[in-house]
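Peer 1: upload-v3.cif is reproduced in full below (mmCIF, C-alpha atoms and all ligand atoms).
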data_protein
#
loop_
_atom_site.label_atom_id
_atom_site.label_comp_id
_atom_site.auth_asym_id
_atom_site.auth_seq_id
_atom_site.Cartn_x
_atom_site.Cartn_y
_atom_site.Cartn_z
CA MET A 1 -7.53 -38.66 31.74
CA LEU A 2 -11.14 -37.56 31.27
CA ILE A 3 -12.38 -37.81 27.72
CA ASP A 4 -14.86 -35.19 26.62
CA PHE A 5 -17.18 -37.52 24.73
CA ALA A 6 -19.18 -34.54 23.47
CA GLN A 7 -16.26 -33.73 21.14
CA VAL A 8 -16.44 -37.18 19.56
CA PRO A 9 -18.78 -37.93 16.64
CA SER A 10 -21.21 -40.81 17.00
CA ALA A 11 -20.87 -43.59 16.17
CA CYS A 12 -17.13 -43.80 16.79
CA PHE A 13 -14.45 -46.11 18.12
CA VAL A 14 -12.15 -43.95 20.26
CA LEU A 15 -8.73 -45.10 21.37
CA GLU A 16 -7.22 -43.45 24.44
CA GLU A 17 -3.55 -43.01 23.63
CA THR A 18 -2.44 -42.74 27.28
CA ARG A 19 -3.93 -46.12 28.07
CA LEU A 20 -2.33 -47.75 25.05
CA ARG A 21 1.06 -46.39 26.07
CA ARG A 22 0.53 -47.74 29.58
CA ASN A 23 -0.10 -51.25 28.22
CA LEU A 24 2.92 -51.02 25.95
CA GLU A 25 5.11 -49.94 28.83
CA ILE A 26 4.08 -53.04 30.77
CA MET A 27 5.02 -55.18 27.80
CA GLN A 28 8.32 -53.41 27.45
CA GLN A 29 9.04 -54.08 31.10
CA VAL A 30 8.33 -57.80 30.54
CA GLN A 31 10.56 -57.88 27.47
CA GLN A 32 13.42 -56.16 29.22
CA ALA A 33 13.24 -58.28 32.34
CA SER A 34 12.78 -61.65 30.63
CA GLY A 35 14.24 -61.41 27.11
CA VAL A 36 10.95 -62.42 25.46
CA LYS A 37 10.10 -60.93 22.08
CA ILE A 38 6.54 -59.55 22.01
CA ILE A 39 4.79 -58.93 18.70
CA LEU A 40 1.29 -57.63 17.99
CA ALA A 41 -1.40 -60.03 16.77
CA LEU A 42 -3.06 -58.06 14.01
CA LYS A 43 -6.13 -60.27 14.07
CA GLY A 44 -7.03 -58.73 17.44
CA PHE A 45 -6.01 -55.13 16.86
CA SER A 46 -5.06 -53.63 13.51
CA MET A 47 -5.46 -49.92 14.13
CA PHE A 48 -2.52 -48.87 12.02
CA SER A 49 -2.83 -45.18 12.85
CA VAL A 50 -1.28 -45.99 16.24
CA PHE A 51 1.46 -48.28 14.88
CA PRO A 52 4.04 -45.48 15.18
CA LEU A 53 3.48 -45.65 18.96
CA VAL A 54 3.21 -49.45 19.17
CA ARG A 55 6.42 -49.81 17.15
CA GLN A 56 8.38 -48.02 19.86
CA PHE A 57 7.68 -50.94 22.22
CA LEU A 58 6.85 -54.13 20.29
CA GLN A 59 9.11 -55.93 17.86
CA GLY A 60 6.83 -56.74 14.98
CA THR A 61 3.48 -58.18 14.06
CA THR A 62 1.89 -61.55 13.57
CA ALA A 63 -0.36 -62.05 10.59
CA SER A 64 -2.99 -64.64 9.83
CA SER A 65 -3.56 -63.80 6.18
CA LEU A 66 -1.85 -62.15 3.24
CA ASN A 67 -3.73 -58.92 3.95
CA GLU A 68 -2.50 -58.79 7.53
CA ALA A 69 1.05 -59.70 6.47
CA ARG A 70 1.03 -56.80 4.02
CA LEU A 71 -0.36 -54.42 6.63
CA GLY A 72 2.37 -55.46 9.06
CA TYR A 73 5.06 -55.11 6.39
CA GLU A 74 3.90 -51.76 5.03
CA GLU A 75 2.58 -50.03 8.13
CA PHE A 76 4.51 -51.53 11.05
CA ASN A 77 7.84 -51.96 9.26
CA ASP A 78 9.33 -54.62 11.45
CA GLU A 79 9.35 -58.41 11.58
CA VAL A 80 6.23 -60.13 10.26
CA HIS A 81 5.52 -63.58 11.67
CA ALA A 82 2.76 -65.34 9.78
CA TYR A 83 0.64 -68.26 10.78
CA CYS A 84 -2.27 -69.30 8.55
CA PRO A 85 -4.26 -72.53 8.80
CA ALA A 86 -3.60 -72.82 5.05
CA TYR A 87 -1.39 -70.89 2.65
CA PHE A 88 -2.46 -70.58 -0.98
CA ASN A 89 -0.39 -71.39 -4.08
CA ASP A 90 -1.29 -68.12 -5.76
CA GLU A 91 -0.47 -65.96 -2.72
CA PHE A 92 2.60 -67.73 -1.42
CA ASP A 93 5.27 -65.67 -3.21
CA GLU A 94 3.77 -62.47 -1.85
CA MET A 95 3.55 -64.04 1.59
CA LEU A 96 7.29 -64.75 1.39
CA LYS A 97 7.96 -61.15 0.43
CA TYR A 98 6.24 -59.77 3.54
CA SER A 99 7.19 -62.41 6.13
CA ASN A 100 10.25 -63.26 8.22
CA HIS A 101 8.74 -66.22 10.06
CA LEU A 102 6.18 -68.65 8.64
CA THR A 103 4.37 -71.16 10.82
CA PHE A 104 2.65 -74.12 9.20
CA ASN A 105 -0.49 -75.65 10.59
CA SER A 106 0.05 -79.19 9.30
CA LEU A 107 2.75 -81.43 7.86
CA ASN A 108 0.78 -81.44 4.57
CA GLN A 109 1.15 -77.67 4.33
CA TRP A 110 4.84 -77.78 5.21
CA ASN A 111 5.54 -80.49 2.64
CA LYS A 112 3.59 -78.57 0.01
CA PHE A 113 5.54 -75.32 0.41
CA LYS A 114 8.99 -76.25 1.73
CA GLY A 115 10.50 -76.42 -1.75
CA ARG A 116 9.42 -72.86 -2.51
CA ILE A 117 10.94 -71.68 0.74
CA ARG A 118 14.25 -73.37 -0.06
CA GLU A 119 14.34 -71.76 -3.50
CA ASN A 120 13.51 -68.35 -2.13
CA PRO A 121 16.63 -66.16 -1.73
CA LYS A 122 15.28 -64.47 1.40
CA LYS A 123 15.89 -66.32 4.67
CA ILE A 124 12.56 -67.26 6.24
CA SER A 125 12.47 -69.05 9.56
CA CYS A 126 9.82 -71.76 9.51
CA GLY A 127 7.87 -73.36 12.32
CA LEU A 128 5.06 -75.79 13.01
CA ARG A 129 1.97 -75.21 15.09
CA ILE A 130 1.55 -77.95 17.65
CA ASN A 131 -1.62 -79.05 19.37
CA PRO A 132 -0.77 -79.63 23.04
CA GLU A 133 -4.22 -81.19 23.54
CA TYR A 134 -4.54 -79.10 26.66
CA ALA A 135 -6.56 -75.91 26.88
CA GLU A 136 -8.29 -74.26 29.78
CA VAL A 137 -10.74 -72.38 27.56
CA GLU A 138 -14.29 -73.11 28.62
CA THR A 139 -16.12 -72.02 25.46
CA ASP A 140 -15.74 -74.59 22.66
CA LEU A 141 -15.90 -71.81 20.09
CA TYR A 142 -12.51 -70.65 21.39
CA ASN A 143 -10.97 -74.03 22.20
CA PRO A 144 -8.30 -74.97 19.63
CA CYS A 145 -7.67 -78.32 21.33
CA ALA A 146 -11.17 -79.77 21.04
CA VAL A 147 -11.25 -83.31 19.61
CA GLY A 148 -11.11 -83.19 15.82
CA THR A 149 -9.57 -79.72 15.80
CA ARG A 150 -7.95 -78.50 12.59
CA LEU A 151 -5.56 -76.24 14.53
CA GLY A 152 -2.09 -77.68 15.00
CA ILE A 153 -0.32 -81.02 15.05
CA SER A 154 -0.61 -83.49 17.93
CA ALA A 155 2.56 -85.04 19.35
CA GLU A 156 1.83 -88.50 17.95
CA TYR A 157 2.07 -87.20 14.35
CA LEU A 158 5.42 -85.50 14.90
CA GLY A 159 7.66 -88.08 16.52
CA ASP A 160 10.91 -87.10 18.20
CA THR A 161 12.60 -85.12 15.46
CA LEU A 162 11.67 -81.82 13.90
CA PRO A 163 11.44 -82.08 10.10
CA GLU A 164 14.53 -80.75 8.30
CA GLY A 165 14.09 -77.01 7.71
CA ILE A 166 11.81 -76.45 10.70
CA GLU A 167 13.30 -74.12 13.31
CA GLY A 168 10.37 -73.17 15.47
CA ILE A 169 7.41 -74.43 17.44
CA HIS A 170 4.21 -72.47 17.86
CA PHE A 171 1.21 -73.03 20.06
CA HIS A 172 -1.88 -70.98 20.76
CA THR A 173 -4.24 -72.35 23.38
CA LEU A 174 -4.83 -69.49 25.81
CA CYS A 175 -7.58 -66.90 25.88
CA GLU A 176 -7.50 -63.92 28.25
CA SER A 177 -5.45 -66.16 30.55
CA ASP A 178 -3.11 -65.60 33.47
CA SER A 179 0.47 -66.77 33.84
CA TYR A 180 -0.57 -69.85 35.84
CA ALA A 181 -2.70 -71.19 32.97
CA LEU A 182 0.34 -70.55 30.79
CA GLU A 183 2.57 -72.49 33.17
CA ARG A 184 0.20 -75.48 33.27
CA THR A 185 0.13 -75.45 29.47
CA LEU A 186 3.90 -75.29 29.25
CA ARG A 187 4.28 -78.26 31.60
CA VAL A 188 1.98 -80.35 29.38
CA ILE A 189 3.98 -79.28 26.33
CA GLU A 190 7.24 -80.22 28.03
CA ASP A 191 5.75 -83.58 28.82
CA ARG A 192 4.57 -84.28 25.29
CA PHE A 193 7.10 -82.47 23.11
CA ALA A 194 10.34 -82.38 25.16
CA PRO A 195 12.73 -83.70 22.48
CA LEU A 196 11.39 -81.19 19.97
CA LEU A 197 11.76 -78.29 22.37
CA HIS A 198 15.46 -79.05 22.60
CA GLN A 199 15.80 -78.93 18.81
CA ALA A 200 13.89 -75.68 18.24
CA LYS A 201 15.49 -72.25 17.82
CA TRP A 202 12.30 -70.46 18.81
CA LEU A 203 9.11 -71.15 20.68
CA ASN A 204 6.11 -69.00 19.94
CA TRP A 205 3.70 -69.04 22.87
CA GLY A 206 0.84 -67.56 20.79
CA GLY A 207 -1.64 -65.10 22.22
CA GLY A 208 -4.15 -65.06 25.04
CA HIS A 209 -1.75 -63.66 27.68
CA LEU A 210 -3.63 -60.92 29.50
CA MET A 211 -0.50 -59.37 30.97
CA THR A 212 -1.91 -55.83 30.96
CA GLN A 213 -4.87 -56.72 33.15
CA ALA A 214 -4.64 -55.53 36.75
CA GLY A 215 -3.54 -58.42 38.95
CA TYR A 216 -1.64 -60.37 36.26
CA ASP A 217 1.46 -61.84 37.89
CA LEU A 218 4.15 -60.31 35.69
CA LYS A 219 6.94 -61.59 37.91
CA HIS A 220 5.76 -65.14 37.41
CA LEU A 221 5.58 -64.66 33.65
CA ILE A 222 9.11 -63.25 33.61
CA GLU A 223 10.37 -66.26 35.59
CA LEU A 224 8.71 -68.66 33.13
CA VAL A 225 10.29 -67.00 30.14
CA LYS A 226 13.70 -67.01 31.79
CA GLU A 227 13.34 -70.65 32.78
CA PHE A 228 12.44 -71.74 29.23
CA ARG A 229 15.12 -69.65 27.59
CA ALA A 230 17.75 -71.18 29.85
CA LYS A 231 16.47 -74.75 29.79
CA TYR A 232 15.97 -75.09 26.02
CA GLN A 233 18.31 -72.37 24.73
CA VAL A 234 15.50 -70.95 22.62
CA GLU A 235 14.09 -67.58 21.74
CA ILE A 236 10.63 -67.06 23.24
CA ILE A 237 8.05 -65.11 21.28
CA MET A 238 4.61 -64.02 22.48
CA GLU A 239 1.96 -62.62 20.17
CA PRO A 240 -0.86 -61.05 22.16
CA GLY A 241 -3.65 -59.06 20.56
CA SER A 242 -6.18 -58.45 23.33
CA ALA A 243 -3.55 -57.54 25.93
CA VAL A 244 -2.13 -54.77 23.74
CA ALA A 245 -5.46 -53.02 23.37
CA TRP A 246 -6.98 -54.11 26.70
CA GLU A 247 -9.17 -51.35 28.13
CA THR A 248 -7.73 -48.72 25.81
CA GLY A 249 -10.90 -47.37 24.28
CA TYR A 250 -14.59 -47.06 23.71
CA LEU A 251 -17.38 -47.35 21.23
CA ILE A 252 -19.59 -44.29 21.32
CA ALA A 253 -23.18 -44.75 20.19
CA THR A 254 -26.37 -42.72 20.23
CA VAL A 255 -29.92 -43.63 21.18
CA GLU A 256 -31.99 -43.34 17.99
CA ASP A 257 -35.23 -44.67 19.44
CA THR A 258 -36.59 -46.11 22.66
CA PHE A 259 -40.04 -47.43 23.56
CA ASP A 260 -41.76 -49.79 25.94
CA SER A 261 -41.79 -53.42 24.86
CA LYS A 262 -43.80 -55.36 27.47
CA GLY A 263 -42.07 -53.83 30.47
CA ILE A 264 -38.60 -53.56 28.93
CA HIS A 265 -37.40 -50.35 27.35
CA ALA A 266 -36.25 -51.39 23.90
CA VAL A 267 -33.45 -49.16 22.63
CA VAL A 268 -32.26 -48.81 19.04
CA LEU A 269 -28.72 -47.46 18.81
CA ASN A 270 -26.90 -46.12 15.75
CA ILE A 271 -24.58 -49.13 15.78
CA SER A 272 -25.06 -52.88 15.52
CA ILE A 273 -23.85 -55.34 18.15
CA SER A 274 -23.74 -58.03 15.50
CA ALA A 275 -21.84 -55.93 12.94
CA HIS A 276 -19.56 -53.86 15.21
CA MET A 277 -18.96 -55.82 18.40
CA PRO A 278 -19.79 -59.41 17.40
CA ASP A 279 -17.86 -61.05 20.27
CA CYS A 280 -20.61 -59.80 22.59
CA ILE A 281 -22.92 -62.22 20.81
CA GLU A 282 -20.44 -64.98 19.96
CA MET A 283 -18.68 -65.35 23.31
CA PRO A 284 -21.17 -64.12 24.66
CA TYR A 285 -20.27 -61.28 27.01
CA LYS A 286 -21.80 -58.06 28.22
CA PRO A 287 -19.59 -54.98 28.03
CA ARG A 288 -19.54 -52.27 30.66
CA VAL A 289 -21.44 -49.13 29.78
CA LEU A 290 -20.23 -45.90 31.37
CA GLY A 291 -22.79 -44.54 33.84
CA ALA A 292 -24.91 -47.71 33.76
CA THR A 293 -25.17 -50.94 35.71
CA ASP A 294 -26.71 -54.30 34.96
CA ALA A 295 -30.47 -53.92 35.14
CA VAL A 296 -31.58 -53.72 38.77
CA PRO A 297 -35.09 -54.36 40.16
CA GLY A 298 -36.96 -51.14 40.80
CA LYS A 299 -35.27 -49.25 37.99
CA PRO A 300 -36.26 -49.28 34.31
CA ALA A 301 -34.36 -51.86 32.27
CA TYR A 302 -33.03 -50.65 28.92
CA ARG A 303 -32.22 -53.33 26.35
CA LEU A 304 -29.47 -51.81 24.21
CA GLY A 305 -29.92 -53.05 20.67
CA GLY A 306 -28.53 -52.50 17.22
CA LEU A 307 -29.61 -51.51 13.75
CA SER A 308 -29.72 -54.90 12.10
CA CYS A 309 -32.76 -57.09 11.66
CA LEU A 310 -31.19 -59.87 13.74
CA ALA A 311 -33.54 -60.34 16.70
CA GLY A 312 -30.54 -61.08 18.93
CA ASP A 313 -28.71 -57.92 17.90
CA PHE A 314 -28.73 -56.56 21.43
CA VAL A 315 -26.17 -56.52 24.18
CA GLY A 316 -28.26 -56.90 27.33
CA ASP A 317 -30.32 -54.99 29.85
CA TYR A 318 -28.92 -52.02 31.75
CA SER A 319 -30.14 -49.49 34.29
CA PHE A 320 -29.24 -45.81 34.14
CA GLU A 321 -29.42 -43.00 36.69
CA GLN A 322 -31.62 -40.89 34.43
CA PRO A 323 -34.26 -42.13 31.93
CA LEU A 324 -32.69 -42.62 28.50
CA LYS A 325 -33.98 -40.48 25.67
CA VAL A 326 -33.38 -40.12 21.95
CA GLY A 327 -30.06 -38.40 21.30
CA ASP A 328 -28.36 -39.64 24.51
CA ARG A 329 -24.82 -40.96 24.15
CA ILE A 330 -23.98 -44.52 25.18
CA VAL A 331 -20.31 -45.29 25.86
CA PHE A 332 -19.30 -48.96 25.68
CA ASN A 333 -16.04 -49.68 27.48
CA ASP A 334 -13.08 -51.81 26.33
CA MET A 335 -14.00 -51.81 22.66
CA MET A 336 -10.64 -51.80 20.88
CA HIS A 337 -9.78 -55.47 20.44
CA TYR A 338 -11.75 -57.85 18.19
CA THR A 339 -14.19 -55.07 17.26
CA MET A 340 -12.82 -52.95 14.39
CA VAL A 341 -11.12 -56.04 12.93
CA LYS A 342 -14.41 -57.96 12.86
CA THR A 343 -16.92 -55.40 11.60
CA THR A 344 -19.23 -56.46 8.79
CA PHE A 345 -21.66 -54.80 6.43
CA PHE A 346 -24.58 -56.95 7.56
CA ASN A 347 -27.78 -55.07 6.73
CA GLY A 348 -25.56 -52.48 5.03
CA VAL A 349 -25.16 -50.71 8.34
CA ARG A 350 -22.74 -47.81 8.35
CA HIS A 351 -19.44 -48.36 10.17
CA PRO A 352 -18.49 -46.29 13.18
CA SER A 353 -15.78 -43.69 12.63
CA ILE A 354 -12.38 -44.24 14.21
CA GLY A 355 -10.62 -41.66 16.37
CA ILE A 356 -7.87 -41.17 18.92
CA TRP A 357 -8.04 -39.25 22.17
CA ARG A 358 -4.46 -37.97 22.14
CA GLU A 359 -2.15 -37.66 25.12
CA ASP A 360 -2.36 -33.86 24.83
CA ASN A 361 -6.13 -34.06 25.45
CA THR A 362 -7.23 -33.42 21.87
CA PHE A 363 -9.43 -35.58 19.70
CA GLU A 364 -8.29 -36.69 16.26
CA LEU A 365 -10.64 -38.32 13.82
CA VAL A 366 -8.49 -40.80 11.88
CA ALA A 367 -11.01 -42.60 9.69
CA GLN A 368 -14.58 -42.69 8.55
CA PRO A 369 -14.63 -46.17 7.06
CA GLY A 370 -17.44 -48.02 5.49
CA GLY A 371 -18.96 -45.64 2.99
CA TYR A 372 -21.15 -46.82 0.13
CA GLN A 373 -18.17 -47.81 -2.03
CA SER A 374 -16.69 -50.16 0.59
CA PHE A 375 -20.10 -51.74 1.05
CA LYS A 376 -20.54 -52.17 -2.71
CA ASP A 377 -16.99 -53.50 -3.25
CA LYS A 378 -17.89 -56.61 -1.30
CA LEU A 379 -20.80 -57.41 -3.54
CA SER A 380 -21.58 -57.69 -7.20
C1 LIG A 401 -2.44 -67.94 16.50
C2 LIG A 401 -2.89 -66.79 17.32
N1 LIG A 401 -1.98 -65.95 17.83
C3 LIG A 401 -2.34 -64.89 18.58
C4 LIG A 401 -3.66 -64.64 18.85
C5 LIG A 401 -4.02 -63.43 19.67
O1 LIG A 401 -4.70 -63.81 20.83
P1 LIG A 401 -5.18 -62.73 21.91
O2 LIG A 401 -5.78 -61.61 21.18
O3 LIG A 401 -6.17 -63.49 22.74
O4 LIG A 401 -3.98 -62.33 22.67
C6 LIG A 401 -4.66 -65.48 18.33
C7 LIG A 401 -6.08 -65.24 18.60
O5 LIG A 401 -6.97 -65.95 18.22
C8 LIG A 401 -4.26 -66.60 17.54
O6 LIG A 401 -5.16 -67.44 17.01
#
Would you mind writing the file's structure down as structure tokens?
Ligand SMILES: Cc1ncc(COP(=O)(O)O)c(C=O)c1O
Peer 2:
Amino acid sequence: MLIDFAQVPSACFVLEETRLRRNLEIMQQVQQASGVKIILALKGFSMFSVFPLVRQFLQGTTASSLNEARLGYEEFNDEVHAYCPAYFNDEFDEMLKYSNHLTFNSLNQWNKFKGRIRENPKKISCGLRINPEYAEVETDLYNPCAVGTRLGISAEYLGDTLPEGIEGIHFHTLCESDSYALERTLRVIEDRFAPLLHQAKWLNWGGGHLMTQAGYDLKHLIELVKEFRAKYQVEIIMEPGSAVAWETGYLIATVEDTFDSKGIHAVVLNISISAHMPDCIEMPYKPRVLGATDAVPGKPAYRLGGLSCLAGDFVGDYSFEQPLKVGDRIVFNDMMHYTMVKTTFFNGVRHPSIGIWREDNTFELVAQPGGYQSFKDKLS
């Protein structure tokens, strides 16, 4: 489908409904062929205006805070699986209200809260996050298995028996990974945690499975799920965020100013890389821009930068067919996951609007977040 970007206000995150449905259909195919339960990781993608569509395919949400658990409970209306590095005394009763599964990050946390779970009339299935001490992630910022990590319990602290009341095992070590990285991880886990796998009712394989990317070996994934279900008689759960929203939308921005800065064309956009697409700086990575390429010799290089005072608030140098001028639209590709959920009010910059390019080829503006009151509410 061709989006008419001229109909979209700037700045705006625009989700393309057709592409989201396509991703969800792939996930449905995996669920049907393998018996895995796939739930949406809200930390990666929380655009609740499309939950009515997502709900037709996925079986719930996973939450990493009370706010996300409530969003899943109220807006998605299906199972909420929560995992938080720490639960709080004063929030725990509400957490129990919204959740069906709770995963604990340490034995301390489990011992602290298990009594309250036992006393709670609602049945909550509890699990522990393990640290397989094996991750193929190259960036330390995203490596949950680095020495000294606070994320999950290593085999040596668990022994051969799951604590009474624990029904599930959770791991999350992958990041935009393929099924072969998953398989290598699973083999390490089998090696280190085999007796516990046999005792568990469910295994949550976390997120990081890029099953909607072209070239992902879905057949291999399906075989892995089937193998584990049969071998350990467990339910398998996967909780992707990125894969759900992979390549489903854009961030539209406008050139507000551009001028020569010692041979580079500095560009100020009406968005901030730091405040609206922070992974570009953290990871770091350079998103694709429609109609542009990486800067090439012989063509002017435009350094696309944001509104904040951070010197590094820019995304890189690009070349365009035509010279860029004030008022031109810039369309960043693949901007749905880990963008809207991570925006900040740094420098008080206004948030982009949020819209959907519907399957019937119409544009719907669903939100204009981040007005003065939201900015002020965070301060005092
Ligand atoms: C525990 C857990 N589950 C799921 C996810 C979702 O991962 P992704 O968006 O890479 O699929 C994350 C991401 O950090 C996570 O920490």
Peer 1: Using 6 Å as the limit and counting all atoms listed in the file, can you tabulate each residue of chain A that touches ligand LIG 401 (chain A), with its shortest atom-to-atom distance in Å and the two atoms involved, as a tab-separated table?
Peer 2:
residue	atom	partner	partner_atom	distance
A:Ala41	CA	A:LIG401	C5	5.2
A:Gly44	CA	A:LIG401	O2	4.9
A:His172	CA	A:LIG401	C1	5.3
A:Cys175	CA	A:LIG401	O3	4.8
A:Glu176	CA	A:LIG401	O3	5.7
A:Gly206	CA	A:LIG401	N1	4.4
A:Gly207	CA	A:LIG401	O1	3.6
A:Gly208	CA	A:LIG401	O3	3.4
A:His209	CA	A:LIG401	O4	5.6
A:Glu239	CA	A:LIG401	C3	5.1
A:Pro240	CA	A:LIG401	O4	3.4
A:Gly241	CA	A:LIG401	O2	3.4
A:Ser242	CA	A:LIG401	O2	3.8
A:Ala243	CA	A:LIG401	O4	5.8
Peer 1: Which is closest to Tyr302 in chain A among A:Leu197, A:Leu324, A:Leu96, A:Leu251, if we use only C-alpha atoms?
Peer 2: A:Leu324
Peer 1: Give me, please, the distance in Å between CA of Asn77 in chain A and CA of Ser46 in chain A, quoted to one decimal.
Peer 2: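 Those two atoms sit 13.7 Å apart.
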Peer 1: For range 346-357 of chain A, work out the shell of residues within 6 Å, counting all atoms listed in the file and skipping chain neighbours fewer than 4 positions away, then give it as a list in words.
Peer 2: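 Close residues of range 346-357 of chain A: Ala11, Cys12, Phe13, Val14, Leu15, Glu16, Ser308, Thr362, Phe363, Glu364, Leu365, Val366, Ala367, Gln368 and Gly370 of chain A.
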Peer 1: Of the residues A:Leu128, A:Val225, A:Ser179, A:Gly152, which is the one nearest to Asn111 in chain A, using all atoms listed in the file?
Peer 2: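 Going through A:Leu128, A:Val225, A:Ser179, A:Gly152 one by one, the smallest distance to Asn111 in chain A is for A:Leu128.
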Peer 1: When you draw a straight line from CA of Glu79 in chain A to CA of Leu107 in chain A, how long is it in Å?
Peer 2: 24.2 Å
Peer 1: Let me make sure I understand: among A:Glu183, A:Glu247, A:Glu223, A:Asp334, which one has the smallest atom-to-atom distance to Ala33 in chain A if we use all atoms listed in the file?
Peer 2: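 Closest residue, counting all atoms listed in the file: A:Glu223.
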Peer 1: Between CA of Ala245 in chain A and CA of Tyr98 in chain A, what is the distance in Å, rounded to a tenth?
Peer 2: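 If I compute the distance from CA of Ala245 in chain A to CA of Tyr98 in chain A, I get 24.0 Å.
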Peer 1: What's around Lys262 in chain A at 12 Å? Count only C-alpha atoms, leave out sequence neighbours fewer than 3 positions away in its own chain, and write the answer as JSON, numbers by chain.
Peer 2: {"A": [259, 265, 266, 300, 301, 302, 303]}
Peer 1: Using all atoms listed in the file, pick whichever of A:Leu174, A:Leu71, A:Leu269, A:Ala146 has the shortest atom-to-atom distance to Asp257 in chain A.
Peer 2: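 The answer is A:Leu269, which sits nearest to Asp257 in chain A.
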Peer 1: I'd like to know which of A:Ser380, A:Asn131, A:Gln59, A:Ser49 is closest to Val36 in chain A, using all atoms listed in the file.
Peer 2: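 Of all the options, A:Gln59 lies closest to Val36 in chain A.
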Peer 1: Could you check which residues have any atom within 9 Å of (15.5, -74.9, 19.0), counting all atoms listed in the file with coordinates taken straight from the file, and then list them as a count of residues only?
Peer 2: 15
Peer 1: Counting only C-alpha atoms, figure out which residue out of A:Leu224, A:Cys309, A:Met95, A:Ile273 gets nearest to Thr185 in chain A.
Peer 2: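 Nearest candidate to Thr185 in chain A out of A:Leu224, A:Cys309, A:Met95, A:Ile273: A:Leu224.
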Peer 1: What's the 12 Å shell around Gly115 in chain A, counting all atoms listed in the file, without same-chain residues fewer than 5 positions away, as a PyMOL selection string?
Peer 2: chain A and resi 92+109-110+120-121+164-165
Peer 1: Find the residues near Gln29 in chain A: any atom within 12 Å, counting only C-alpha atoms, skip ones fewer than 6 places away on the same chain, and give them as a tab-separated table (two decimals) with C-alpha atoms, in the coordinates of the input.
Peer 2:
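Okay, part-v4.tsv is ready:
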chain	number	residue	atom	x	y	z
A	22	ARG	CA	0.53	-47.74	29.58
A	23	ASN	CA	-0.10	-51.25	28.22
A	35	GLY	CA	14.24	-61.41	27.11
A	36	VAL	CA	10.95	-62.42	25.46
A	37	LYS	CA	10.10	-60.93	22.08
A	38	ILE	CA	6.54	-59.55	22.01
A	57	PHE	CA	7.68	-50.94	22.22
A	58	LEU	CA	6.85	-54.13	20.29
A	211	MET	CA	-0.50	-59.37	30.97
A	212	THR	CA	-1.91	-55.83	30.96
A	218	LEU	CA	4.15	-60.31	35.69
A	219	LYS	CA	6.94	-61.59	37.91
A	221	LEU	CA	5.58	-64.66	33.65
A	222	ILE	CA	9.11	-63.25	33.61
Peer 1: Excluding Ala86 in chain A and its own-chain neighbours fewer than 4 positions away, which residues fall within 9 Å of it when counting all atoms listed in the file? Please give them as a PyMOL selection string.
Peer 2: chain A and resi 104-106+109
Peer 1: Produce the centre coordinates and the three edge lengths, each in Å to one decimal, of the box along x, y and z that contains all listed atoms of range 261-275 of chain A with 6 Å added on each side, as AutoDock Vina command-line options.
Peer 2:
--center_x -32.8 --center_y -52.1 --center_z 21.7 --size_x 34.0 --size_y 23.9 --size_z 29.5
